[in-house]
>>> print(open('entry_30.cif').read())   # mmCIF, C-alpha atoms and all ligand atoms
data_protein
loop_
_atom_site.group_PDB
_atom_site.id
_atom_site.type_symbol
_atom_site.label_atom_id
_atom_site.label_comp_id
_atom_site.auth_asym_id
_atom_site.auth_seq_id
_atom_site.Cartn_x
_atom_site.Cartn_y
_atom_site.Cartn_z
ATOM 1 C CA MET J 1 5.864 -20.210 -19.066
ATOM 2 C CA PRO J 2 7.566 -17.852 -16.546
ATOM 3 C CA ARG J 3 5.485 -16.125 -13.867
ATOM 4 C CA VAL J 4 5.496 -12.339 -14.460
ATOM 5 C CA VAL J 5 5.229 -10.304 -11.233
ATOM 6 C CA LEU J 6 4.908 -6.502 -11.098
ATOM 7 C CA VAL J 7 5.723 -4.800 -7.776
ATOM 8 C CA THR J 8 5.077 -1.088 -7.247
ATOM 9 C CA GLY J 9 7.148 0.806 -4.696
ATOM 10 C CA ALA J 10 10.007 -1.630 -5.300
ATOM 11 C CA SER J 11 12.760 0.928 -4.651
ATOM 12 C CA SER J 12 12.675 0.466 -0.862
ATOM 13 C CA GLY J 13 11.091 -1.187 2.172
ATOM 14 C CA ILE J 14 8.315 -3.727 1.712
ATOM 15 C CA GLY J 15 8.314 -3.477 -2.094
ATOM 16 C CA ALA J 16 12.044 -4.227 -2.374
ATOM 17 C CA ALA J 17 11.700 -7.137 0.096
ATOM 18 C CA THR J 18 8.775 -8.470 -1.961
ATOM 19 C CA ALA J 19 10.779 -8.304 -5.196
ATOM 20 C CA ARG J 20 13.662 -10.167 -3.501
ATOM 21 C CA ARG J 21 11.247 -12.816 -2.175
ATOM 22 C CA PHE J 22 9.650 -13.428 -5.592
ATOM 23 C CA ALA J 23 13.102 -13.509 -7.214
ATOM 24 C CA GLU J 24 13.949 -16.542 -5.052
ATOM 25 C CA MET J 25 11.142 -18.452 -6.786
ATOM 26 C CA SER J 26 11.968 -20.349 -9.952
ATOM 27 C CA ARG J 27 10.873 -19.141 -13.389
ATOM 28 C CA THR J 28 9.803 -15.695 -12.188
ATOM 29 C CA GLU J 29 10.276 -12.442 -14.115
ATOM 30 C CA LEU J 30 10.047 -9.238 -12.081
ATOM 31 C CA VAL J 31 8.797 -5.830 -13.190
ATOM 32 C CA LEU J 32 9.929 -3.141 -10.733
ATOM 33 C CA VAL J 33 8.080 0.186 -10.545
ATOM 34 C CA ALA J 34 8.875 3.362 -8.537
ATOM 35 C CA ARG J 35 10.225 6.849 -9.199
ATOM 36 C CA ARG J 36 13.894 6.306 -8.215
ATOM 37 C CA GLU J 37 15.296 4.546 -11.272
ATOM 38 C CA ALA J 38 18.851 4.087 -9.927
ATOM 39 C CA ARG J 39 17.471 2.183 -6.924
ATOM 40 C CA LEU J 40 15.401 -0.062 -9.183
ATOM 41 C CA GLU J 41 18.369 -0.731 -11.480
ATOM 42 C CA ALA J 42 20.546 -1.665 -8.487
ATOM 43 C CA LEU J 43 17.867 -4.067 -7.207
ATOM 44 C CA ALA J 44 17.450 -5.554 -10.686
ATOM 45 C CA ARG J 45 21.197 -6.289 -10.807
ATOM 46 C CA GLU J 46 21.109 -7.763 -7.292
ATOM 47 C CA ILE J 47 18.297 -10.209 -8.118
ATOM 48 C CA GLY J 48 19.747 -11.251 -11.453
ATOM 49 C CA GLY J 49 17.731 -9.081 -13.820
ATOM 50 C CA ALA J 50 14.316 -7.441 -13.973
ATOM 51 C CA THR J 51 12.330 -5.002 -16.077
ATOM 52 C CA VAL J 52 12.594 -1.509 -14.584
ATOM 53 C CA ILE J 53 9.911 1.134 -15.081
ATOM 54 C CA ALA J 54 10.631 4.506 -13.466
ATOM 55 C CA ALA J 55 7.276 6.223 -13.061
ATOM 56 C CA ASP J 56 5.346 8.499 -10.740
ATOM 57 C CA LEU J 57 2.178 6.499 -10.132
ATOM 58 C CA THR J 58 0.157 9.660 -9.499
ATOM 59 C CA ALA J 59 0.920 11.028 -12.982
ATOM 60 C CA PRO J 60 -2.085 10.755 -15.346
ATOM 61 C CA GLU J 61 -0.157 8.913 -18.090
ATOM 62 C CA SER J 62 1.603 6.344 -15.845
ATOM 63 C CA PRO J 63 -1.001 3.516 -15.802
ATOM 64 C CA SER J 64 -1.354 3.301 -19.595
ATOM 65 C CA HIS J 65 2.414 3.681 -20.075
ATOM 66 C CA ILE J 66 3.129 0.837 -17.611
ATOM 67 C CA ALA J 67 0.433 -1.412 -19.132
ATOM 68 C CA ALA J 68 1.790 -0.891 -22.673
ATOM 69 C CA PHE J 69 5.352 -1.573 -21.507
ATOM 70 C CA VAL J 70 4.422 -4.819 -19.694
ATOM 71 C CA GLU J 71 2.309 -5.999 -22.640
ATOM 72 C CA GLU J 72 5.104 -5.351 -25.113
ATOM 73 C CA ARG J 73 7.962 -6.716 -22.991
ATOM 74 C CA HIS J 74 6.270 -9.724 -21.330
ATOM 75 C CA GLY J 75 2.909 -10.265 -23.067
ATOM 76 C CA ARG J 76 1.339 -11.427 -19.800
ATOM 77 C CA LEU J 77 0.990 -10.557 -16.111
ATOM 78 C CA ASP J 78 0.497 -13.166 -13.386
ATOM 79 C CA VAL J 79 0.808 -11.031 -10.236
ATOM 80 C CA LEU J 80 0.228 -7.326 -9.606
ATOM 81 C CA VAL J 81 1.396 -6.092 -6.186
ATOM 82 C CA ASN J 82 -0.023 -2.633 -5.483
ATOM 83 C CA ASN J 83 2.385 -1.652 -2.716
ATOM 84 C CA ALA J 84 3.595 1.937 -3.336
ATOM 85 C CA GLY J 85 2.315 4.297 -0.691
ATOM 86 C CA ALA J 86 3.188 6.918 1.890
ATOM 87 C CA GLY J 87 1.889 8.332 5.136
ATOM 88 C CA TRP J 88 1.909 12.046 5.806
ATOM 89 C CA GLY J 89 0.827 12.493 9.415
ATOM 90 C CA GLY J 90 -1.087 15.478 10.745
ATOM 91 C CA ARG J 91 -4.331 16.261 12.495
ATOM 92 C CA PHE J 92 -7.108 17.415 10.201
ATOM 93 C CA ALA J 93 -7.439 20.903 11.747
ATOM 94 C CA GLU J 94 -3.808 21.628 10.811
ATOM 95 C CA ALA J 95 -3.103 19.469 7.721
ATOM 96 C CA GLY J 96 -6.563 19.906 6.150
ATOM 97 C CA TRP J 97 -8.011 18.693 2.858
ATOM 98 C CA ALA J 98 -4.709 19.098 1.038
ATOM 99 C CA ASN J 99 -3.195 16.288 3.100
ATOM 100 C CA VAL J 100 -6.250 14.063 2.557
ATOM 101 C CA ALA J 101 -6.143 14.727 -1.198
ATOM 102 C CA ARG J 102 -2.468 13.902 -1.730
ATOM 103 C CA THR J 103 -2.718 10.794 0.453
ATOM 104 C CA MET J 104 -5.779 9.501 -1.408
ATOM 105 C CA ASP J 105 -4.061 10.275 -4.690
ATOM 106 C CA LEU J 106 -1.123 7.955 -3.987
ATOM 107 C CA ASN J 107 -2.536 5.338 -1.595
ATOM 108 C CA PHE J 108 -5.896 4.821 -3.273
ATOM 109 C CA ASN J 109 -6.404 6.501 -6.658
ATOM 110 C CA ALA J 110 -3.028 5.347 -8.024
ATOM 111 C CA GLN J 111 -3.722 1.699 -7.046
ATOM 112 C CA VAL J 112 -7.169 1.812 -8.637
ATOM 113 C CA ARG J 113 -5.921 3.418 -11.840
ATOM 114 C CA LEU J 114 -3.016 1.011 -12.283
ATOM 115 C CA THR J 115 -5.325 -1.948 -11.637
ATOM 116 C CA GLU J 116 -7.781 -0.629 -14.236
ATOM 117 C CA ALA J 117 -5.009 -0.377 -16.826
ATOM 118 C CA LEU J 118 -3.653 -3.879 -16.098
ATOM 119 C CA LEU J 119 -6.905 -5.768 -15.498
ATOM 120 C CA PRO J 120 -7.430 -6.823 -19.143
ATOM 121 C CA LEU J 121 -3.925 -8.365 -19.193
ATOM 122 C CA LEU J 122 -4.463 -10.015 -15.782
ATOM 123 C CA ARG J 123 -7.727 -11.544 -17.028
ATOM 124 C CA ARG J 124 -6.036 -12.825 -20.183
ATOM 125 C CA SER J 125 -3.243 -14.315 -18.020
ATOM 126 C CA ALA J 126 -5.650 -15.968 -15.532
ATOM 127 C CA PRO J 127 -5.282 -17.667 -13.132
ATOM 128 C CA SER J 128 -3.582 -14.496 -11.913
ATOM 129 C CA SER J 129 -3.528 -12.387 -8.749
ATOM 130 C CA ILE J 130 -3.709 -8.832 -7.485
ATOM 131 C CA VAL J 131 -2.373 -8.108 -3.989
ATOM 132 C CA ASN J 132 -3.157 -4.725 -2.478
ATOM 133 C CA VAL J 133 -0.989 -3.572 0.422
ATOM 134 C CA ALA J 134 -3.199 -1.672 2.858
ATOM 135 C CA SER J 135 -2.434 -1.342 6.580
ATOM 136 C CA THR J 136 -3.840 -2.177 9.982
ATOM 137 C CA ALA J 137 -4.758 1.529 9.802
ATOM 138 C CA GLY J 138 -7.292 0.399 7.195
ATOM 139 C CA ARG J 139 -9.262 -1.280 10.001
ATOM 140 C CA VAL J 140 -8.450 0.878 13.072
ATOM 141 C CA ALA J 141 -7.871 4.661 12.883
ATOM 142 C CA ARG J 142 -5.645 6.701 15.216
ATOM 143 C CA ALA J 143 -5.481 10.449 15.875
ATOM 144 C CA GLY J 144 -2.978 12.232 13.627
ATOM 145 C CA ALA J 145 -3.309 9.629 10.876
ATOM 146 C CA GLY J 146 -6.805 10.358 9.555
ATOM 147 C CA ALA J 147 -5.791 10.939 5.932
ATOM 148 C CA TYR J 148 -3.706 7.763 5.912
ATOM 149 C CA ALA J 149 -6.483 5.734 7.589
ATOM 150 C CA ALA J 150 -9.054 7.099 5.112
ATOM 151 C CA SER J 151 -6.910 6.021 2.146
ATOM 152 C CA LYS J 152 -6.354 2.544 3.590
ATOM 153 C CA PHE J 153 -10.008 2.088 4.665
ATOM 154 C CA ALA J 154 -10.932 2.973 1.067
ATOM 155 C CA LEU J 155 -8.363 0.508 -0.295
ATOM 156 C CA CYS J 156 -9.691 -2.274 1.987
ATOM 157 C CA GLY J 157 -13.319 -1.695 0.951
ATOM 158 C CA TRP J 158 -12.513 -1.536 -2.740
ATOM 159 C CA THR J 159 -10.297 -4.643 -2.510
ATOM 160 C CA ASP J 160 -13.055 -6.636 -0.764
ATOM 161 C CA ALA J 161 -15.507 -5.765 -3.564
ATOM 162 C CA LEU J 162 -12.985 -6.475 -6.333
ATOM 163 C CA HIS J 163 -12.260 -9.864 -4.739
ATOM 164 C CA HIS J 164 -15.877 -10.908 -5.364
ATOM 165 C CA GLU J 165 -16.080 -9.281 -8.811
ATOM 166 C CA GLU J 166 -12.953 -10.852 -10.317
ATOM 167 C CA ARG J 167 -13.430 -14.351 -8.888
ATOM 168 C CA SER J 168 -15.337 -15.588 -11.926
ATOM 169 C CA HIS J 169 -12.616 -14.185 -14.221
ATOM 170 C CA GLY J 170 -9.846 -16.184 -12.502
ATOM 171 C CA VAL J 171 -8.191 -13.088 -11.043
ATOM 172 C CA HIS J 172 -7.636 -13.609 -7.324
ATOM 173 C CA VAL J 173 -7.654 -10.360 -5.314
ATOM 174 C CA GLY J 174 -5.899 -10.424 -1.925
ATOM 175 C CA LEU J 175 -5.318 -7.880 0.812
ATOM 176 C CA VAL J 176 -2.237 -7.539 3.031
ATOM 177 C CA LEU J 177 -2.434 -5.414 6.179
ATOM 178 C CA PRO J 178 0.970 -4.709 7.734
ATOM 179 C CA GLY J 179 1.422 -3.448 11.264
ATOM 180 C CA PHE J 180 4.446 -1.346 12.280
ATOM 181 C CA VAL J 181 7.428 -2.158 10.025
ATOM 182 C CA PRO J 182 10.460 0.168 10.169
ATOM 183 C CA THR J 183 11.232 1.380 6.624
ATOM 184 C CA GLU J 184 12.458 4.614 5.013
ATOM 185 C CA GLY J 185 8.982 6.067 4.712
ATOM 186 C CA PHE J 186 7.773 4.663 8.040
ATOM 187 C CA PRO J 187 10.801 4.844 10.379
ATOM 188 C CA ALA J 188 8.604 4.132 13.461
ATOM 189 C CA GLU J 189 11.188 5.848 15.714
ATOM 190 C CA GLU J 190 8.819 6.450 18.606
ATOM 191 C CA ILE J 191 7.521 2.865 18.375
ATOM 192 C CA ARG J 192 10.996 1.303 18.275
ATOM 193 C CA HIS J 193 11.915 2.961 21.558
ATOM 194 C CA HIS J 194 8.548 2.550 23.283
ATOM 195 C CA PRO J 195 8.664 0.076 26.225
ATOM 196 C CA ILE J 196 5.498 -1.761 25.078
ATOM 197 C CA TRP J 197 4.939 -0.979 21.389
ATOM 198 C CA ARG J 198 8.456 -2.065 20.391
ATOM 199 C CA TRP J 199 7.319 -5.678 20.877
ATOM 200 C CA PHE J 200 4.749 -5.155 18.106
ATOM 201 C CA ILE J 201 7.221 -4.399 15.311
ATOM 202 C CA GLY J 202 7.231 -6.559 12.189
ATOM 203 C CA SER J 203 9.687 -6.939 9.311
ATOM 204 C CA ASP J 204 9.576 -6.131 5.596
ATOM 205 C CA ARG J 205 10.499 -9.761 4.929
ATOM 206 C CA GLY J 206 7.480 -10.903 6.968
ATOM 207 C CA VAL J 207 5.153 -8.675 4.934
ATOM 208 C CA ALA J 208 6.746 -9.994 1.723
ATOM 209 C CA GLU J 209 5.870 -13.559 2.859
ATOM 210 C CA ALA J 210 2.277 -12.470 3.441
ATOM 211 C CA ILE J 211 2.162 -10.925 -0.055
ATOM 212 C CA VAL J 212 3.480 -14.158 -1.613
ATOM 213 C CA ASP J 213 0.925 -16.110 0.420
ATOM 214 C CA CYS J 214 -1.925 -14.007 -1.031
ATOM 215 C CA ALA J 215 -0.541 -14.048 -4.576
ATOM 216 C CA VAL J 216 0.559 -17.672 -4.887
ATOM 217 C CA HIS J 217 -1.615 -19.502 -2.345
ATOM 218 C CA ARG J 218 -4.556 -17.246 -3.134
ATOM 219 C CA ARG J 219 -5.271 -16.127 0.428
ATOM 220 C CA ALA J 220 -7.915 -13.406 0.644
ATOM 221 C CA GLU J 221 -6.386 -11.508 3.580
ATOM 222 C CA ARG J 222 -3.206 -11.545 5.665
ATOM 223 C CA TYR J 223 -2.098 -9.389 8.575
ATOM 224 C CA SER J 224 1.657 -9.138 9.146
ATOM 225 C CA PRO J 225 2.609 -9.818 11.894
ATOM 226 C CA ARG J 226 -0.424 -12.119 12.084
ATOM 227 C CA TYR J 227 -1.433 -11.094 15.636
ATOM 228 C CA TYR J 228 -2.367 -7.610 14.317
ATOM 229 C CA GLY J 229 -5.530 -9.324 13.085
ATOM 230 C CA LEU J 230 -6.681 -9.295 16.697
ATOM 231 C CA ALA J 231 -6.878 -5.485 16.614
ATOM 232 C CA ALA J 232 -9.336 -5.682 13.726
ATOM 233 C CA VAL J 233 -11.404 -8.382 15.451
ATOM 234 C CA VAL J 234 -11.549 -6.411 18.720
ATOM 235 C CA GLY J 235 -12.229 -3.206 16.773
ATOM 236 C CA ALA J 236 -15.284 -4.794 15.136
ATOM 237 C CA ALA J 237 -16.513 -6.696 18.208
ATOM 238 C CA ALA J 238 -15.863 -4.017 20.849
ATOM 239 C CA PRO J 239 -15.449 -0.639 19.145
ATOM 240 C CA GLY J 240 -16.101 1.199 22.425
ATOM 241 C CA LEU J 241 -13.139 -0.517 24.070
ATOM 242 C CA VAL J 242 -10.776 0.322 21.198
ATOM 243 C CA ARG J 243 -12.019 3.945 21.200
ATOM 244 C CA ALA J 244 -11.400 4.219 24.949
ATOM 245 C CA VAL J 245 -7.836 2.878 24.595
ATOM 246 C CA LEU J 246 -7.042 5.142 21.626
ATOM 247 C CA ASP J 247 -8.586 8.170 23.382
ATOM 248 C CA ARG J 248 -6.040 7.727 26.166
ATOM 249 C CA THR J 249 -3.144 7.832 23.691
ATOM 250 C CA SER J 250 -4.428 10.709 21.504
HETATM 251 N N1 LIG T 301 6.163 0.330 7.048
HETATM 252 C C1 LIG T 301 5.024 0.284 7.728
HETATM 253 O O1 LIG T 301 5.003 0.397 8.982
HETATM 254 C C2 LIG T 301 3.737 0.074 6.995
HETATM 255 C C3 LIG T 301 2.609 -0.299 7.753
HETATM 256 C C4 LIG T 301 1.412 -0.503 7.096
HETATM 257 C C5 LIG T 301 1.333 -0.370 5.728
HETATM 258 N N2 LIG T 301 2.428 -0.006 5.016
HETATM 259 C C6 LIG T 301 2.276 0.154 3.561
HETATM 260 O O2 LIG T 301 3.283 -0.570 2.895
HETATM 261 C C7 LIG T 301 3.552 0.044 1.629
HETATM 262 C C8 LIG T 301 5.061 0.182 1.449
HETATM 263 O O3 LIG T 301 5.561 1.043 2.449
HETATM 264 P P1 LIG T 301 7.053 0.944 3.013
HETATM 265 O O4 LIG T 301 6.936 0.853 4.494
HETATM 266 O O5 LIG T 301 7.824 -0.076 2.294
HETATM 267 O O6 LIG T 301 7.564 2.430 2.692
HETATM 268 P P2 LIG T 301 8.809 2.969 1.838
HETATM 269 O O7 LIG T 301 10.038 2.215 2.186
HETATM 270 O O8 LIG T 301 8.784 4.434 2.032
HETATM 271 O O9 LIG T 301 8.410 2.588 0.333
HETATM 272 C C9 LIG T 301 7.436 3.292 -0.380
HETATM 273 C C10 LIG T 301 7.611 2.973 -1.852
HETATM 274 O O10 LIG T 301 6.586 3.655 -2.588
HETATM 275 C C11 LIG T 301 7.203 4.315 -3.698
HETATM 276 N N3 LIG T 301 6.459 5.519 -4.065
HETATM 277 C C12 LIG T 301 6.134 6.550 -3.244
HETATM 278 N N4 LIG T 301 5.504 7.506 -3.954
HETATM 279 C C13 LIG T 301 5.448 7.073 -5.244
HETATM 280 C C14 LIG T 301 4.937 7.612 -6.452
HETATM 281 N N5 LIG T 301 4.341 8.820 -6.485
HETATM 282 N N6 LIG T 301 5.059 6.893 -7.591
HETATM 283 C C15 LIG T 301 5.672 5.684 -7.579
HETATM 284 N N7 LIG T 301 6.146 5.104 -6.464
HETATM 285 C C16 LIG T 301 6.048 5.801 -5.314
HETATM 286 C C17 LIG T 301 8.606 4.649 -3.205
HETATM 287 O O11 LIG T 301 9.513 4.753 -4.294
HETATM 288 P P3 LIG T 301 10.083 6.117 -4.944
HETATM 289 O O12 LIG T 301 10.266 7.090 -3.833
HETATM 290 O O13 LIG T 301 11.360 5.663 -5.587
HETATM 291 O O14 LIG T 301 9.052 6.518 -5.926
HETATM 292 C C18 LIG T 301 8.949 3.417 -2.389
HETATM 293 O O15 LIG T 301 9.477 2.404 -3.216
HETATM 294 C C19 LIG T 301 2.783 1.372 1.639
HETATM 295 O O16 LIG T 301 1.593 1.232 0.914
HETATM 296 C C20 LIG T 301 2.474 1.593 3.113
HETATM 297 O O17 LIG T 301 1.299 2.367 3.315
HETATM 298 C C21 LIG T 301 3.621 0.208 5.613
#
>>> encode(input="entry_30.cif", output="structure tokens", more="lines below")
Ligand SMILES: NC(=O)c1ccc[n+]([C@@H]2O[C@H](COP(=O)([O-])OP(=O)(O)OC[C@H]3O[C@@H](n4cnc5c(N)ncnc54)[C@H](OP(=O)(O)O)[C@@H]3O)[C@@H](O)[C@H]2O)c1
Amino acid sequence: MPRVVLVTGASSGIGAATARRFAEMSRTELVLVARREARLEALAREIGGATVIAADLTAPESPSHIAAFVEERHGRLDVLVNNAGAGWGGRFAEAGWANVARTMDLNFNAQVRLTEALLPLLRRSAPSSIVNVASTAGRVARAGAGAYAASKFALCGWTDALHHEERSHGVHVGLVLPGFVPTEGFPAEEIRHHPIWRWFIGSDRGVAEAIVDCAVHRRAERYSPRYYGLAAVVGAAAPGLVRAVLDRTS
């Protein structure tokens, strides 16, 4: 039986790299989801065929539409990669609730709603996996990225709980926390040219490996690059130190 893998946000960056990485594995059928259909079609051709679903994940009807399509076309789902997301920067006093709301809508609510729609199929296909792509910003928050951090902190907390809940149903739930990775949505210009921070840049291919590790080898959590995990450890063990460092850069 082929392994059916659905990747959201597959039209660019980490999602496209993840689709390419899974496509290298034998007997794997990909389902690619994002809004830009032409991009998905081009990727499907490049990797030798895939099911393409052009959808806005924040639209109310998208989760049920995607679930019905996957059920009808493939009849099973082995891996769900909740990767689609965006970061709209801005300090709260200027960007306000509107920025928090739209960020939560895409980076948290959309992941939860798609998972809800696909969970019955994932349970029926068990052993299966869900991999949620959060961020190091889901463990350490910086000034100017409060809405983004809030959405990723929420995603981390919900993922941790779901991991325990779905264990007995054979659905493994993993969490991937990327650091800085230059992509269309996250060009990281200032980081790429920074004398120190430029050494902390990862790759979309590296994050894709971490996603495969969680999905296939059933890891609970992976930072990419791995050393970003230190930030979370220091943040939990010495929050005052992290606050002092971040205060200096705010
Ligand atoms: N790059 C980094 O430095 C970094 C660091 C930490 C975490 N992350 C996380 O990694 C994930 C992927 O980011 P990326 O760096 O690969 O960014 P990206 O290249 O901008 O990709 C974002 C993807 O999300 C899709 N998307 C955005 N809004 C959507 C919507 N309303 N409905 C459906 N799909 C939507 C986009 O496709 P369409 O525009 O075609 O819809 C695109 O495929 C995100 O969750 C991000 O928060 C990235």
>>> residues_near_ligand(input="entry_30.cif", ligand="ligand LIG 301 (chain T)", cutoff="8 Å", atoms="all atoms listed in the file", output="MDAnalysis selection string")
chainID J and resid 8:16 33:37 39:40 54:59 82:87 106:107 133:137 148 152 177:188 202 204
>>> residues_around(input="entry_30.cif", residues="region 242-249 of chain J", least_positions_apart="4", cutoff="7 Å", atoms="all atoms listed in the file", output="list in words")
Arg142, Gly235 and Ala238 of chain J
>>> resolve_selection(input="entry_30.cif", expression="the PyMOL selection byres (((chain J and resi 25-29) around 10) and not hetatm)", output="list in words")
Met1, Pro2, Arg3, Val4, Val5, Leu6, Ala19, Arg20, Arg21, Phe22, Ala23, Glu24, Leu30, Val31, Leu32, Gly48, Gly49, Ala50, Thr51, His74, Leu77 and Asp78 of chain J
>>> atom_distance(input="entry_30.cif", atom1="CA of Ala220 (chain J)", atom2="CA of Gly174 (chain J)")
4.4 Å
>>> closest_residue(input="entry_30.cif", among="J:Val112, J:Ile53, J:Ala150, J:Val131", to="Asn99 (chain J)", atoms="all atoms listed in the file")
J:Ala150
>>> atom_distance(input="entry_30.cif", atom1="CA of Leu175 (chain J)", atom2="CA of Arg218 (chain J)")
10.2 Å
>>> atom_distance(input="entry_30.cif", atom1="CA of Ala236 (chain J)", atom2="CA of Gln111 (chain J)")
25.8 Å
>>> closest_residue(input="entry_30.cif", among="J:Arg91, J:Arg205, J:His163, J:Arg198", to="Gly144 (chain J)", atoms="all atoms listed in the file")
J:Arg91
>>> closest_residue(input="entry_30.cif", among="J:Ile66, J:Met104, J:Leu43, J:Ala126", to="Leu155 (chain J)", atoms="only C-alpha atoms")
J:Met104
>>> closest_residue(input="entry_30.cif", among="J:Ala67, J:Val52, J:Val79, J:Ala101", to="Val216 (chain J)", atoms="all atoms listed in the file")
J:Val79
>>> residues_near_point(input="entry_30.cif", point="(7.3, -13.7, -0.2)", cutoff="6 Å", atoms="only C-alpha atoms", output="list in words")
Thr18, Arg21, Phe22, Ala208, Glu209, Ile211 and Val212 of chain J
>>> resolve_selection(input="entry_30.cif", expression="the PyMOL selection byres (((chain J and resi 224) around 8) and not hetatm)", output="NGL selection string")
:J and (176-179 or 202 or 206-207 or 210 or 222-223 or 225-228)
>>> closest_residue(input="entry_30.cif", among="J:Ala42, J:Ala143, J:Ala237, J:Leu80", to="Phe92 (chain J)", atoms="all atoms listed in the file")
J:Ala143
>>> decode(input="entry_30.cif", residues="region 50-67 of chain J", atoms="N, CA and C atoms", output="JSON list (two decimals), in the first residue's frame")
[["chain", "number", "residue", "atom", "x", "y", "z"],
["J", 50, "ALA", "N", 1.39, 14.21, -8.56],
["J", 50, "ALA", "CA", 0.86, 14.42, -7.20],
["J", 50, "ALA", "C", -0.57, 14.92, -7.34],
["J", 51, "THR", "N", -1.35, 14.76, -6.28],
["J", 51, "THR", "CA", -2.68, 15.35, -6.25],
["J", 51, "THR", "C", -2.53, 16.81, -5.82],
["J", 52, "VAL", "N", -3.17, 17.71, -6.57],
["J", 52, "VAL", "CA", -3.05, 19.14, -6.27],
["J", 52, "VAL", "C", -4.40, 19.66, -5.77],
["J", 53, "ILE", "N", -4.39, 20.33, -4.62],
["J", 53, "ILE", "CA", -5.62, 20.96, -4.13],
["J", 53, "ILE", "C", -5.32, 22.43, -3.87],
["J", 54, "ALA", "N", -5.87, 23.30, -4.72],
["J", 54, "ALA", "CA", -5.68, 24.74, -4.53],
["J", 54, "ALA", "C", -6.75, 25.23, -3.55],
["J", 55, "ALA", "N", -6.33, 25.69, -2.40],
["J", 55, "ALA", "CA", -7.30, 26.11, -1.38],
["J", 55, "ALA", "C", -6.69, 27.15, -0.45],
["J", 56, "ASP", "N", -7.54, 28.07, -0.02],
["J", 56, "ASP", "CA", -7.15, 29.01, 1.04],
["J", 56, "ASP", "C", -7.51, 28.34, 2.36],
["J", 57, "LEU", "N", -6.51, 28.01, 3.15],
["J", 57, "LEU", "CA", -6.76, 27.24, 4.37],
["J", 57, "LEU", "C", -7.53, 28.02, 5.43],
["J", 58, "THR", "N", -7.65, 29.33, 5.26],
["J", 58, "THR", "CA", -8.43, 30.11, 6.23],
["J", 58, "THR", "C", -9.91, 30.19, 5.84],
["J", 59, "ALA", "N", -10.25, 29.69, 4.66],
["J", 59, "ALA", "CA", -11.66, 29.72, 4.22],
["J", 59, "ALA", "C", -12.45, 28.66, 4.99],
["J", 60, "PRO", "N", -13.68, 29.00, 5.42],
["J", 60, "PRO", "CA", -14.45, 28.07, 6.26],
["J", 60, "PRO", "C", -14.65, 26.69, 5.63],
["J", 61, "GLU", "N", -14.83, 26.62, 4.31],
["J", 61, "GLU", "CA", -15.15, 25.34, 3.66],
["J", 61, "GLU", "C", -13.93, 24.49, 3.33],
["J", 62, "SER", "N", -12.71, 25.06, 3.46],
["J", 62, "SER", "CA", -11.51, 24.34, 2.98],
["J", 62, "SER", "C", -11.27, 23.00, 3.68],
["J", 63, "PRO", "N", -11.31, 22.92, 5.02],
["J", 63, "PRO", "CA", -11.00, 21.63, 5.66],
["J", 63, "PRO", "C", -11.89, 20.48, 5.18],
["J", 64, "SER", "N", -13.21, 20.70, 5.13],
["J", 64, "SER", "CA", -14.09, 19.60, 4.72],
["J", 64, "SER", "C", -13.91, 19.27, 3.24],
["J", 65, "HIS", "N", -13.65, 20.29, 2.43],
["J", 65, "HIS", "CA", -13.40, 20.08, 1.00],
["J", 65, "HIS", "C", -12.14, 19.23, 0.80],
["J", 66, "ILE", "N", -11.07, 19.57, 1.52],
["J", 66, "ILE", "CA", -9.80, 18.83, 1.39],
["J", 66, "ILE", "C", -9.98, 17.38, 1.88],
["J", 67, "ALA", "N", -10.66, 17.23, 3.02],
["J", 67, "ALA", "CA", -10.86, 15.88, 3.58],
["J", 67, "ALA", "C", -11.65, 15.00, 2.60]]
